[in-house]
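K.L.:
Below is the file start06.cif, which contains mmCIF, C-alpha atoms.
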```cif
data_target
loop_
_atom_site.group_PDB
_atom_site.id
_atom_site.type_symbol
_atom_site.label_atom_id
_atom_site.label_comp_id
_atom_site.auth_asym_id
_atom_site.auth_seq_id
_atom_site.Cartn_x
_atom_site.Cartn_y
_atom_site.Cartn_z
ATOM 1 C CA MET A 12 0.000 0.000 0.000
ATOM 2 C CA LYS A 13 2.277 2.655 -1.359
ATOM 3 C CA SER A 14 -0.293 5.295 -2.233
ATOM 4 C CA ILE A 15 -2.636 6.298 0.590
ATOM 5 C CA MET A 16 -5.300 8.997 0.454
ATOM 6 C CA LEU A 17 -6.346 10.684 3.700
ATOM 7 C CA HIS A 18 -9.488 12.760 4.066
ATOM 8 C CA ILE A 19 -8.705 16.055 5.771
ATOM 9 C CA GLY A 20 -11.660 17.653 7.523
ATOM 10 C CA ASP A 21 -12.167 19.812 10.570
ATOM 11 C CA ASP A 22 -13.740 17.142 12.756
ATOM 12 C CA ALA A 23 -12.991 15.231 15.961
ATOM 13 C CA GLY A 24 -11.734 12.135 14.123
ATOM 14 C CA LEU A 25 -8.984 13.805 12.091
ATOM 15 C CA ASP A 26 -6.130 13.005 14.473
ATOM 16 C CA ALA A 27 -7.147 9.343 14.699
ATOM 17 C CA ARG A 28 -7.285 8.740 10.950
ATOM 18 C CA LYS A 29 -4.161 10.827 10.362
ATOM 19 C CA GLN A 30 -2.273 8.610 12.804
ATOM 20 C CA ALA A 31 -3.579 5.466 11.091
ATOM 21 C CA ALA A 32 -2.465 6.830 7.721
ATOM 22 C CA LEU A 33 0.996 7.583 9.082
ATOM 23 C CA ASP A 34 1.288 4.116 10.633
ATOM 24 C CA ILE A 35 0.424 2.468 7.318
ATOM 25 C CA GLY A 36 2.684 4.873 5.423
ATOM 26 C CA ARG A 37 5.664 3.968 7.614
ATOM 27 C CA THR A 38 4.961 0.248 7.320
ATOM 28 C CA PHE A 39 4.966 0.304 3.514
ATOM 29 C CA ASP A 40 7.333 3.251 2.963
ATOM 30 C CA GLY A 41 4.341 4.805 1.274
ATOM 31 C CA HIS A 42 3.186 8.217 0.101
ATOM 32 C CA LEU A 43 0.333 10.058 1.772
ATOM 33 C CA THR A 44 -2.000 12.310 -0.220
ATOM 34 C CA CYS A 45 -3.949 14.662 2.045
ATOM 35 C CA LEU A 46 -7.165 15.734 0.367
ATOM 36 C CA GLN A 47 -8.933 18.753 1.851
ATOM 37 C CA ALA A 48 -12.245 19.489 0.172
ATOM 38 C CA VAL A 49 -13.913 22.814 0.938
ATOM 39 C CA ASN A 50 -17.453 23.108 -0.337
ATOM 40 C CA LEU A 51 -18.009 26.723 -1.362
ATOM 41 C CA GLU A 52 -21.356 26.070 -3.053
ATOM 42 C CA ILE A 53 -23.515 26.228 0.057
ATOM 43 C CA PHE A 54 -26.552 28.464 -0.053
ATOM 44 C CA ALA A 55 -28.462 29.477 3.045
ATOM 45 C CA PRO A 56 -32.287 29.217 2.843
ATOM 46 C CA GLY A 57 -33.696 32.554 1.763
ATOM 47 C CA ASP A 58 -30.308 33.886 0.674
ATOM 48 C CA PHE A 59 -31.581 34.542 -2.840
ATOM 49 C CA TYR A 60 -28.807 36.948 -3.816
ATOM 50 C CA GLY A 61 -25.972 35.072 -2.151
ATOM 51 C CA SER A 62 -25.121 37.930 0.211
ATOM 52 C CA ALA A 63 -24.932 35.729 3.309
ATOM 53 C CA MET A 64 -22.716 33.225 1.511
ATOM 54 C CA ALA A 65 -20.463 35.988 0.216
ATOM 55 C CA ALA A 66 -20.032 37.266 3.758
ATOM 56 C CA ALA A 67 -19.236 33.759 5.043
ATOM 57 C CA LEU A 68 -16.677 32.862 2.369
ATOM 58 C CA PRO A 69 -13.687 34.659 3.926
ATOM 59 C CA ALA A 70 -14.235 32.871 7.253
ATOM 60 C CA ILE A 71 -14.620 29.488 5.538
ATOM 61 C CA LYS A 72 -11.403 29.988 3.581
ATOM 62 C CA GLN A 73 -9.546 31.186 6.671
ATOM 63 C CA ARG A 74 -10.574 28.128 8.713
ATOM 64 C CA ALA A 75 -9.519 25.865 5.871
ATOM 65 C CA GLU A 76 -6.115 27.543 5.650
ATOM 66 C CA GLU A 77 -5.633 27.361 9.426
ATOM 67 C CA LEU A 78 -6.418 23.643 9.384
ATOM 68 C CA ARG A 79 -3.987 23.069 6.536
ATOM 69 C CA THR A 80 -1.219 24.960 8.331
ATOM 70 C CA LYS A 81 -1.747 22.924 11.507
ATOM 71 C CA VAL A 82 -1.786 19.534 9.790
ATOM 72 C CA GLU A 83 1.182 20.334 7.550
ATOM 73 C CA LYS A 84 3.183 21.334 10.628
ATOM 74 C CA ASP A 85 2.350 17.994 12.250
ATOM 75 C CA LEU A 86 3.238 16.012 9.128
ATOM 76 C CA SER A 87 6.593 17.742 8.696
ATOM 77 C CA ASN A 88 7.910 15.887 11.756
ATOM 78 C CA GLU A 89 6.632 12.413 10.881
ATOM 79 C CA GLY A 90 9.145 11.122 8.323
ATOM 80 C CA VAL A 91 6.455 10.090 5.803
ATOM 81 C CA GLN A 92 6.287 11.473 2.256
ATOM 82 C CA TRP A 93 3.132 13.461 1.608
ATOM 83 C CA ASP A 94 1.481 15.997 -0.649
ATOM 84 C CA TRP A 95 -1.610 18.181 -0.297
ATOM 85 C CA LEU A 96 -4.667 18.656 -2.476
ATOM 86 C CA LEU A 97 -6.989 21.548 -1.658
ATOM 87 C CA GLU A 98 -10.117 21.420 -3.780
ATOM 88 C CA ASP A 99 -13.578 22.926 -3.939
ATOM 89 C CA GLY A 100 -16.470 20.487 -3.681
ATOM 90 C CA MET A 101 -18.065 17.754 -1.628
ATOM 91 C CA PRO A 102 -15.436 15.517 0.049
ATOM 92 C CA GLU A 103 -16.857 12.263 -1.314
ATOM 93 C CA HIS A 104 -16.829 13.628 -4.868
ATOM 94 C CA ARG A 105 -13.250 14.822 -4.648
ATOM 95 C CA LEU A 106 -12.041 11.639 -2.941
ATOM 96 C CA LEU A 107 -13.707 9.561 -5.661
ATOM 97 C CA ALA A 108 -12.131 11.688 -8.377
ATOM 98 C CA HIS A 109 -8.633 10.866 -7.099
ATOM 99 C CA SER A 110 -9.218 7.285 -5.933
ATOM 100 C CA ALA A 111 -8.394 5.301 -9.074
ATOM 101 C CA LEU A 112 -4.614 5.449 -8.546
ATOM 102 C CA LYS A 113 -4.708 5.016 -4.772
ATOM 103 C CA ASP A 114 -4.229 1.807 -2.812
ATOM 104 C CA LEU A 115 -6.295 2.867 0.188
ATOM 105 C CA ILE A 116 -8.668 5.659 1.244
ATOM 106 C CA ILE A 117 -8.717 6.526 4.953
ATOM 107 C CA VAL A 118 -11.731 8.298 6.401
ATOM 108 C CA GLY A 119 -13.573 8.783 9.671
ATOM 109 C CA PRO A 120 -16.885 7.186 10.708
ATOM 110 C CA HIS A 121 -18.999 10.359 10.516
ATOM 111 C CA ASP A 122 -19.801 12.957 7.907
ATOM 112 C CA ILE A 123 -18.391 16.418 8.624
ATOM 113 C CA GLY A 124 -20.696 18.152 11.080
ATOM 114 C CA GLU A 125 -22.266 14.892 12.269
ATOM 115 C CA LYS A 126 -21.283 13.711 15.752
ATOM 116 C CA GLY A 127 -23.760 11.068 16.877
ATOM 117 C CA PRO A 128 -23.604 7.396 15.923
ATOM 118 C CA GLY A 129 -24.861 6.667 12.468
ATOM 119 C CA PRO A 130 -23.458 5.355 9.177
ATOM 120 C CA SER A 131 -21.655 7.951 7.103
ATOM 121 C CA HIS A 132 -23.183 8.759 3.720
ATOM 122 C CA MET A 133 -19.703 9.627 2.481
ATOM 123 C CA VAL A 134 -18.303 6.222 3.463
ATOM 124 C CA GLY A 135 -21.180 4.490 1.710
ATOM 125 C CA ASP A 136 -20.593 6.449 -1.485
ATOM 126 C CA LEU A 137 -16.869 5.731 -1.435
ATOM 127 C CA VAL A 138 -17.255 2.014 -0.795
ATOM 128 C CA LEU A 139 -19.915 1.513 -3.469
ATOM 129 C CA ARG A 140 -18.525 3.771 -6.180
ATOM 130 C CA SER A 141 -14.761 3.369 -5.838
ATOM 131 C CA ARG A 142 -12.760 0.247 -6.577
ATOM 132 C CA THR A 143 -10.243 1.343 -3.961
ATOM 133 C CA PRO A 144 -10.620 -0.158 -0.463
ATOM 134 C CA VAL A 145 -11.760 2.200 2.274
ATOM 135 C CA MET A 146 -10.529 2.122 5.859
ATOM 136 C CA VAL A 147 -12.832 3.653 8.463
ATOM 137 C CA VAL A 148 -11.007 4.719 11.630
ATOM 138 C CA PRO A 149 -12.919 5.312 14.893
ATOM 139 C CA THR A 150 -12.773 8.845 16.261
ATOM 140 C CA ASP A 151 -10.914 7.888 19.449
ATOM 141 C CA HIS A 152 -8.468 5.392 17.940
ATOM 142 C CA LYS A 153 -4.843 5.938 18.997
ATOM 143 C CA ALA A 154 -2.602 3.943 16.658
ATOM 144 C CA LEU A 155 -2.727 1.182 14.053
ATOM 145 C CA ASP A 156 -0.300 -1.687 14.621
ATOM 146 C CA CYS A 157 0.147 -3.159 11.153
ATOM 147 C CA SER A 158 2.183 -6.026 12.618
ATOM 148 C CA GLY A 159 -0.531 -6.886 15.122
ATOM 149 C CA THR A 160 -3.449 -9.294 14.873
ATOM 150 C CA ALA A 161 -6.043 -8.943 12.124
ATOM 151 C CA MET A 162 -9.497 -10.426 11.683
ATOM 152 C CA VAL A 163 -11.314 -11.130 8.428
ATOM 153 C CA ALA A 164 -15.119 -11.207 8.647
ATOM 154 C CA TRP A 165 -16.086 -13.986 6.247
ATOM 155 C CA ASN A 166 -19.527 -14.845 4.894
ATOM 156 C CA GLY A 167 -18.486 -16.391 1.603
ATOM 157 C CA SER A 168 -19.802 -13.487 -0.486
ATOM 158 C CA SER A 169 -18.089 -11.896 -3.454
ATOM 159 C CA GLU A 170 -17.808 -8.712 -1.352
ATOM 160 C CA ALA A 171 -15.854 -10.600 1.317
ATOM 161 C CA CYS A 172 -13.565 -12.007 -1.391
ATOM 162 C CA HIS A 173 -12.934 -8.510 -2.786
ATOM 163 C CA ALA A 174 -12.117 -7.226 0.702
ATOM 164 C CA VAL A 175 -9.610 -10.021 1.342
ATOM 165 C CA ARG A 176 -7.846 -9.387 -1.958
ATOM 166 C CA ALA A 177 -7.725 -5.661 -1.259
ATOM 167 C CA ALA A 178 -6.349 -6.220 2.237
ATOM 168 C CA LEU A 179 -3.624 -8.701 1.251
ATOM 169 C CA PRO A 180 -0.696 -6.261 1.651
ATOM 170 C CA LEU A 181 -1.817 -5.486 5.205
ATOM 171 C CA LEU A 182 -2.630 -9.089 6.079
ATOM 172 C CA LYS A 183 0.869 -10.145 4.998
ATOM 173 C CA LYS A 184 2.265 -7.821 7.676
ATOM 174 C CA ALA A 185 0.039 -9.177 10.465
ATOM 175 C CA SER A 186 1.519 -11.410 13.149
ATOM 176 C CA LYS A 187 -1.702 -13.439 13.255
ATOM 177 C CA VAL A 188 -4.825 -13.542 11.108
ATOM 178 C CA TYR A 189 -8.231 -14.872 12.069
ATOM 179 C CA LEU A 190 -10.942 -15.718 9.565
ATOM 180 C CA ALA A 191 -14.253 -15.471 11.400
ATOM 181 C CA THR A 192 -17.726 -16.606 10.420
ATOM 182 C CA VAL A 193 -20.888 -15.931 12.378
ATOM 183 C CA THR A 194 -23.137 -18.830 13.330
ATOM 184 C CA GLU A 195 -26.663 -18.164 12.125
ATOM 185 C CA GLU A 196 -29.542 -19.822 10.348
ATOM 186 C CA PRO A 197 -28.422 -21.230 6.988
ATOM 187 C CA LYS A 198 -29.526 -19.366 3.892
ATOM 188 C CA GLU A 199 -29.676 -20.467 0.294
ATOM 189 C CA ASP A 200 -27.088 -17.877 -0.735
ATOM 190 C CA ARG A 201 -24.812 -18.427 2.252
ATOM 191 C CA PHE A 202 -21.189 -19.311 1.615
ATOM 192 C CA ASP A 203 -20.675 -18.968 -2.100
ATOM 193 C CA PHE A 204 -17.115 -19.604 -0.978
ATOM 194 C CA ALA A 205 -16.684 -21.687 2.157
ATOM 195 C CA PRO A 206 -14.336 -20.513 4.952
ATOM 196 C CA LEU A 207 -11.707 -23.104 4.024
ATOM 197 C CA GLU A 208 -11.582 -21.662 0.502
ATOM 198 C CA GLY A 209 -10.873 -18.238 1.972
ATOM 199 C CA ALA A 210 -8.162 -19.735 4.169
ATOM 200 C CA ALA A 211 -6.669 -21.578 1.190
ATOM 201 C CA TYR A 212 -6.545 -18.365 -0.833
ATOM 202 C CA LEU A 213 -4.709 -16.572 1.964
ATOM 203 C CA SER A 214 -2.321 -19.497 2.382
ATOM 204 C CA ARG A 215 -1.347 -19.354 -1.293
ATOM 205 C CA HIS A 216 -0.288 -15.761 -0.647
ATOM 206 C CA GLY A 217 1.778 -16.707 2.386
ATOM 207 C CA VAL A 218 -0.822 -15.725 4.993
ATOM 208 C CA ASP A 219 -1.684 -18.426 7.521
ATOM 209 C CA CYS A 220 -4.977 -17.918 9.288
ATOM 210 C CA GLU A 221 -7.059 -19.531 11.990
ATOM 211 C CA VAL A 222 -10.676 -20.196 11.062
ATOM 212 C CA PHE A 223 -13.303 -19.987 13.785
ATOM 213 C CA GLU A 224 -17.014 -19.472 14.245
ATOM 214 C CA VAL A 225 -18.526 -16.620 16.243
ATOM 215 C CA PRO A 226 -21.720 -17.512 18.123
ATOM 216 C CA ARG A 227 -24.235 -14.818 17.310
ATOM 217 C CA GLY A 228 -26.479 -15.237 20.346
ATOM 218 C CA GLU A 229 -28.825 -12.291 20.803
ATOM 219 C CA ALA A 230 -26.418 -9.751 19.320
ATOM 220 C CA ASN A 231 -26.498 -8.500 15.753
ATOM 221 C CA ILE A 232 -23.773 -9.812 13.470
ATOM 222 C CA SER A 233 -21.570 -6.704 13.529
ATOM 223 C CA ASP A 234 -21.604 -6.559 17.339
ATOM 224 C CA ALA A 235 -20.683 -10.251 17.512
ATOM 225 C CA LEU A 236 -17.769 -9.650 15.111
ATOM 226 C CA TYR A 237 -16.504 -6.599 16.990
ATOM 227 C CA SER A 238 -16.656 -8.465 20.300
ATOM 228 C CA ALA A 239 -14.727 -11.400 18.835
ATOM 229 C CA ALA A 240 -12.083 -9.071 17.368
ATOM 230 C CA LEU A 241 -11.625 -7.124 20.599
ATOM 231 C CA ARG A 242 -11.330 -10.315 22.673
ATOM 232 C CA ARG A 243 -8.481 -11.373 20.392
ATOM 233 C CA GLU A 244 -6.881 -7.903 20.591
ATOM 234 C CA CYS A 245 -7.120 -7.368 16.835
ATOM 235 C CA SER A 246 -5.662 -4.180 15.387
ATOM 236 C CA TYR A 247 -8.227 -3.995 12.608
ATOM 237 C CA MET A 248 -10.968 -5.929 10.811
ATOM 238 C CA VAL A 249 -11.485 -6.667 7.115
ATOM 239 C CA MET A 250 -14.998 -7.110 5.745
ATOM 240 C CA GLY A 251 -17.010 -6.986 2.564
ATOM 241 C CA ALA A 252 -19.535 -4.168 2.389
ATOM 242 C CA TYR A 253 -23.135 -3.935 1.210
ATOM 243 C CA GLY A 254 -23.853 -7.518 0.272
ATOM 244 C CA ARG A 255 -27.360 -6.316 -0.491
ATOM 245 C CA SER A 256 -28.387 -2.945 -1.849
ATOM 246 C CA ARG A 257 -27.710 0.156 0.174
ATOM 247 C CA LEU A 258 -31.425 1.007 0.076
ATOM 248 C CA ALA A 259 -32.296 -2.406 1.499
ATOM 249 C CA GLU A 260 -29.785 -1.880 4.298
ATOM 250 C CA MET A 261 -31.287 1.521 5.072
ATOM 251 C CA LEU A 262 -34.809 0.120 5.201
ATOM 252 C CA LEU A 263 -34.174 -3.272 6.767
ATOM 253 C CA GLY A 264 -30.818 -2.884 8.461
ATOM 254 C CA GLY A 265 -27.700 -4.810 7.552
ATOM 255 C CA VAL A 266 -24.266 -5.844 8.743
ATOM 256 C CA THR A 267 -22.477 -2.988 6.950
ATOM 257 C CA ARG A 268 -24.890 -0.369 8.242
ATOM 258 C CA HIS A 269 -24.617 -1.619 11.832
ATOM 259 C CA ALA A 270 -20.831 -1.943 11.598
ATOM 260 C CA LEU A 271 -20.471 1.664 10.460
ATOM 261 C CA LYS A 272 -22.807 3.176 13.045
ATOM 262 C CA ASP A 273 -20.213 2.970 15.799
ATOM 263 C CA PRO A 274 -17.002 1.161 14.714
ATOM 264 C CA ARG A 275 -14.919 -0.097 17.622
ATOM 265 C CA LEU A 276 -11.693 -0.612 15.684
ATOM 266 C CA PRO A 277 -10.457 0.289 12.203
ATOM 267 C CA VAL A 278 -12.384 -1.527 9.468
ATOM 268 C CA LEU A 279 -11.131 -2.061 5.920
ATOM 269 C CA LEU A 280 -14.115 -2.259 3.551
ATOM 270 C CA ALA A 281 -14.524 -3.263 -0.077
ATOM 271 C CA HIS A 282 -17.611 -3.944 -2.167
#
```
Show the structure stored in the file as structure tokens.
P.N.:
Amino acid sequence: MKSIMLHIGDDAGLDARKQAALDIGRTFDGHLTCLQAVNLEIFAPGDFYGSAMAAALPAIKQRAEELRTKVEKDLSNEGVQWDWLLEDGMPEHRLLAHSALKDLIIVGPHDIGEKGPGPSHMVGDLVLRSRTPVMVVPTDHKALDCSGTAMVAWNGSSEACHAVRAALPLLKKASKVYLATVTEEPKEDRFDFAPLEGAAYLSRHGVDCEVFEVPRGEANISDALYSAALRRECSYMVMGAYGRSRLAEMLLGGVTRHALKDPRLPVLLAH
């Protein structure tokens, strides 16, 4: 993972995801692209002539420049190569525009301005529309140990397979890898690829893993996976995202939606 893109935004999770990006950058001797998107096309209700927006623009630009100065000062002491992109527009649009030649996109769990638990619309857009894996870093996360333990959430879906392939560079650095499945009622479409096939694929790439089942109990699947990962002191989790449509997840709930509401450790997602 030589080319890493980090979302820069003025929110509580910036330090956590910046640290994760630096940890991965050091591990792979990689390059960090900091993308700061400032949306200047915001119109207040009733501001028909744009006077309120015109008055707000200088303050918006000043805050953006102050944030850039602060982050650049921090990065100058980290020993990781980096560059900076400052662009006008919605963050998810600008991140998507630059994602094709990136190995990983690192973002926070919430949209800018949103603080409470809830899946990020930006993360959903990135995961579904980009072919680049997305890592979501919890707001209070301190550091990402790339040589630590990793867990793969496996349900045999094509999304899980894509996530494993995307995460291979990281998984090769892990000291131990678990491949976890959740015990639940069998379904007709369950396990297109059985757990042992996932383990065999990893083994061919030099990654030994331990396969185990997670009892679901009364918990939802994402909670059961997080609990299993935390008990095993995992540094991060890998999972496929949106095995059914995003609309269906919004209406009916789903593993991806629940997992993104309040992530308890960094999660690498691919669709």
K.L.:
Check what the PyMOL selection byres ((chain A and resi 163-176) around 9) selects in the file above and give those residues as a VMD selection string.
P.N.:
chain A and resid 144 161 to 162 177 to 180 182 188 to 193 200 to 206 208 to 209 213 236 247 to 254 279 to 282
K.L.:
Pull C-alpha atoms from the residues just selected and write them as an mmCIF file, keeping the file's coordinate frame.
P.N.:
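File written: again.cif
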```
data_model
loop_
_atom_site.group_PDB
_atom_site.id
_atom_site.type_symbol
_atom_site.label_atom_id
_atom_site.label_comp_id
_atom_site.auth_asym_id
_atom_site.auth_seq_id
_atom_site.Cartn_x
_atom_site.Cartn_y
_atom_site.Cartn_z
ATOM 1 C CA PRO A 144 -10.620 -0.158 -0.463
ATOM 2 C CA ALA A 161 -6.043 -8.943 12.124
ATOM 3 C CA MET A 162 -9.497 -10.426 11.683
ATOM 4 C CA ALA A 177 -7.725 -5.661 -1.259
ATOM 5 C CA ALA A 178 -6.349 -6.220 2.237
ATOM 6 C CA LEU A 179 -3.624 -8.701 1.251
ATOM 7 C CA PRO A 180 -0.696 -6.261 1.651
ATOM 8 C CA LEU A 182 -2.630 -9.089 6.079
ATOM 9 C CA VAL A 188 -4.825 -13.542 11.108
ATOM 10 C CA TYR A 189 -8.231 -14.872 12.069
ATOM 11 C CA LEU A 190 -10.942 -15.718 9.565
ATOM 12 C CA ALA A 191 -14.253 -15.471 11.400
ATOM 13 C CA THR A 192 -17.726 -16.606 10.420
ATOM 14 C CA VAL A 193 -20.888 -15.931 12.378
ATOM 15 C CA ASP A 200 -27.088 -17.877 -0.735
ATOM 16 C CA ARG A 201 -24.812 -18.427 2.252
ATOM 17 C CA PHE A 202 -21.189 -19.311 1.615
ATOM 18 C CA ASP A 203 -20.675 -18.968 -2.100
ATOM 19 C CA PHE A 204 -17.115 -19.604 -0.978
ATOM 20 C CA ALA A 205 -16.684 -21.687 2.157
ATOM 21 C CA PRO A 206 -14.336 -20.513 4.952
ATOM 22 C CA GLU A 208 -11.582 -21.662 0.502
ATOM 23 C CA GLY A 209 -10.873 -18.238 1.972
ATOM 24 C CA LEU A 213 -4.709 -16.572 1.964
ATOM 25 C CA LEU A 236 -17.769 -9.650 15.111
ATOM 26 C CA TYR A 247 -8.227 -3.995 12.608
ATOM 27 C CA MET A 248 -10.968 -5.929 10.811
ATOM 28 C CA VAL A 249 -11.485 -6.667 7.115
ATOM 29 C CA MET A 250 -14.998 -7.110 5.745
ATOM 30 C CA GLY A 251 -17.010 -6.986 2.564
ATOM 31 C CA ALA A 252 -19.535 -4.168 2.389
ATOM 32 C CA TYR A 253 -23.135 -3.935 1.210
ATOM 33 C CA GLY A 254 -23.853 -7.518 0.272
ATOM 34 C CA LEU A 279 -11.131 -2.061 5.920
ATOM 35 C CA LEU A 280 -14.115 -2.259 3.551
ATOM 36 C CA ALA A 281 -14.524 -3.263 -0.077
ATOM 37 C CA HIS A 282 -17.611 -3.944 -2.167
#
```
K.L.:
Quick check, in Å to one decimal: how far apart do CA of Leu155 in chain A and CA of Leu115 in chain A lie?
P.N.:
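Straight-line distance from CA of Leu155 in chain A to CA of Leu115 in chain A works out to 14.4 Å.
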K.L.:
Skip range 99-113 of chain A itself and residues of its chain fewer than 6 positions away, then list as a CSV table (one decimal) with C-alpha atoms, in the frame of the given file all residues within 7 Å of it, counting all atoms listed in the file.
P.N.:
```
chain,number,residue,atom,x,y,z
A,14,SER,CA,-0.3,5.3,-2.2
A,15,ILE,CA,-2.6,6.3,0.6
A,16,MET,CA,-5.3,9.0,0.5
A,48,ALA,CA,-12.2,19.5,0.2
A,49,VAL,CA,-13.9,22.8,0.9
A,50,ASN,CA,-17.5,23.1,-0.3
A,51,LEU,CA,-18.0,26.7,-1.4
A,133,MET,CA,-19.7,9.6,2.5
A,136,ASP,CA,-20.6,6.4,-1.5
A,137,LEU,CA,-16.9,5.7,-1.4
A,141,SER,CA,-14.8,3.4,-5.8
A,143,THR,CA,-10.2,1.3,-4.0
```
K.L.:
Can you pull out the residues contacting range 146-151 of chain A? Cut-off 8 Å, using all atoms listed in the file, and skip same-chain residues under 6 positions away; I want them as a PyMOL selection string.
P.N.:
chain A and resi 23-25+27-28+31+115-120+134+273-280
K.L.:
Grab the residues selected above and save them as a CSV table (one decimal), keeping the file's coordinate frame with C-alpha atoms.
P.N.:
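The result, written out as selection-v2.csv:
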```
chain,number,residue,atom,x,y,z
A,23,ALA,CA,-13.0,15.2,16.0
A,24,GLY,CA,-11.7,12.1,14.1
A,25,LEU,CA,-9.0,13.8,12.1
A,27,ALA,CA,-7.1,9.3,14.7
A,28,ARG,CA,-7.3,8.7,11.0
A,31,ALA,CA,-3.6,5.5,11.1
A,115,LEU,CA,-6.3,2.9,0.2
A,116,ILE,CA,-8.7,5.7,1.2
A,117,ILE,CA,-8.7,6.5,5.0
A,118,VAL,CA,-11.7,8.3,6.4
A,119,GLY,CA,-13.6,8.8,9.7
A,120,PRO,CA,-16.9,7.2,10.7
A,134,VAL,CA,-18.3,6.2,3.5
A,273,ASP,CA,-20.2,3.0,15.8
A,274,PRO,CA,-17.0,1.2,14.7
A,275,ARG,CA,-14.9,-0.1,17.6
A,276,LEU,CA,-11.7,-0.6,15.7
A,277,PRO,CA,-10.5,0.3,12.2
A,278,VAL,CA,-12.4,-1.5,9.5
A,279,LEU,CA,-11.1,-2.1,5.9
A,280,LEU,CA,-14.1,-2.3,3.6
```
K.L.:
Might you pull out every residue within 8 Å of Ser186 in chain A, with all atoms listed in the file counted and same-chain residues fewer than 2 positions away left off, and present them as a PyMOL selection string?
P.N.:
chain A and resi 158-160+184+188
K.L.:
Would you mind exporting C-alpha atoms of the selected residues as an mmCIF file, in the frame of the given file?
P.N.:
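Written out: out_36.cif:
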```cif
data_model
loop_
_atom_site.group_PDB
_atom_site.id
_atom_site.type_symbol
_atom_site.label_atom_id
_atom_site.label_comp_id
_atom_site.auth_asym_id
_atom_site.auth_seq_id
_atom_site.Cartn_x
_atom_site.Cartn_y
_atom_site.Cartn_z
ATOM 1 C CA SER A 158 2.183 -6.026 12.618
ATOM 2 C CA GLY A 159 -0.531 -6.886 15.122
ATOM 3 C CA THR A 160 -3.449 -9.294 14.873
ATOM 4 C CA LYS A 184 2.265 -7.821 7.676
ATOM 5 C CA VAL A 188 -4.825 -13.542 11.108
#
```
K.L.:
With 6 Å as the threshold, what does the neighbourhood of (-7.8, 17.0, 0.6) contain in terms of residues, counting only C-alpha atoms? Coordinates are those of the file; answer as JSON, numbers by chain.
P.N.:
{"A": [18, 19, 45, 46, 47, 48, 96, 97]}
K.L.:
Suppose you want the space between CA of Tyr237 in chain A and CA of His152 in chain A; what is it in Å?
P.N.:
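One can read the CA of Tyr237 in chain A to CA of His152 in chain A distance as 14.5 Å.
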K.L.:
Mind pulling up the distance from CA of Ser131 in chain A to CA of Gly36 in chain A?
P.N.:
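Between these atoms lies a distance of 24.6 Å.
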K.L.:
Neighbours of Thr194 in chain A within 7 Å (only C-alpha atoms; same-chain residues fewer than 4 positions away dropped), as a PyMOL selection string?
P.N.:
chain A and resi 224-227
K.L.:
When distances are computed from only C-alpha atoms, which of A:Arg142, A:Lys84, A:His132, A:Lys29 shows the smallest separation from Lys272 in chain A?
P.N.:
A:His132
K.L.:
Apply the PyMOL selection byres ((chain A and resi 43) around 9) to the file shown and report the selected residues as a list in words.
P.N.:
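In the shown coordinates, the PyMOL selection byres ((chain A and resi 43) around 9) covers Lys13, Ser14, Ile15, Met16, Leu17, Ala32, Leu33, Gly36, Gly41, His42, Thr44, Cys45, Val91, Gln92, Trp93, Asp94 and Trp95 of chain A.
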K.L.:
Which residue gives the smallest distance to Leu86 in chain A among A:Val138, A:Thr38, A:Ala240, A:Asp26, with all atoms listed in the file counted?
P.N.:
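That would be A:Asp26, the residue with the smallest distance to Leu86 in chain A.
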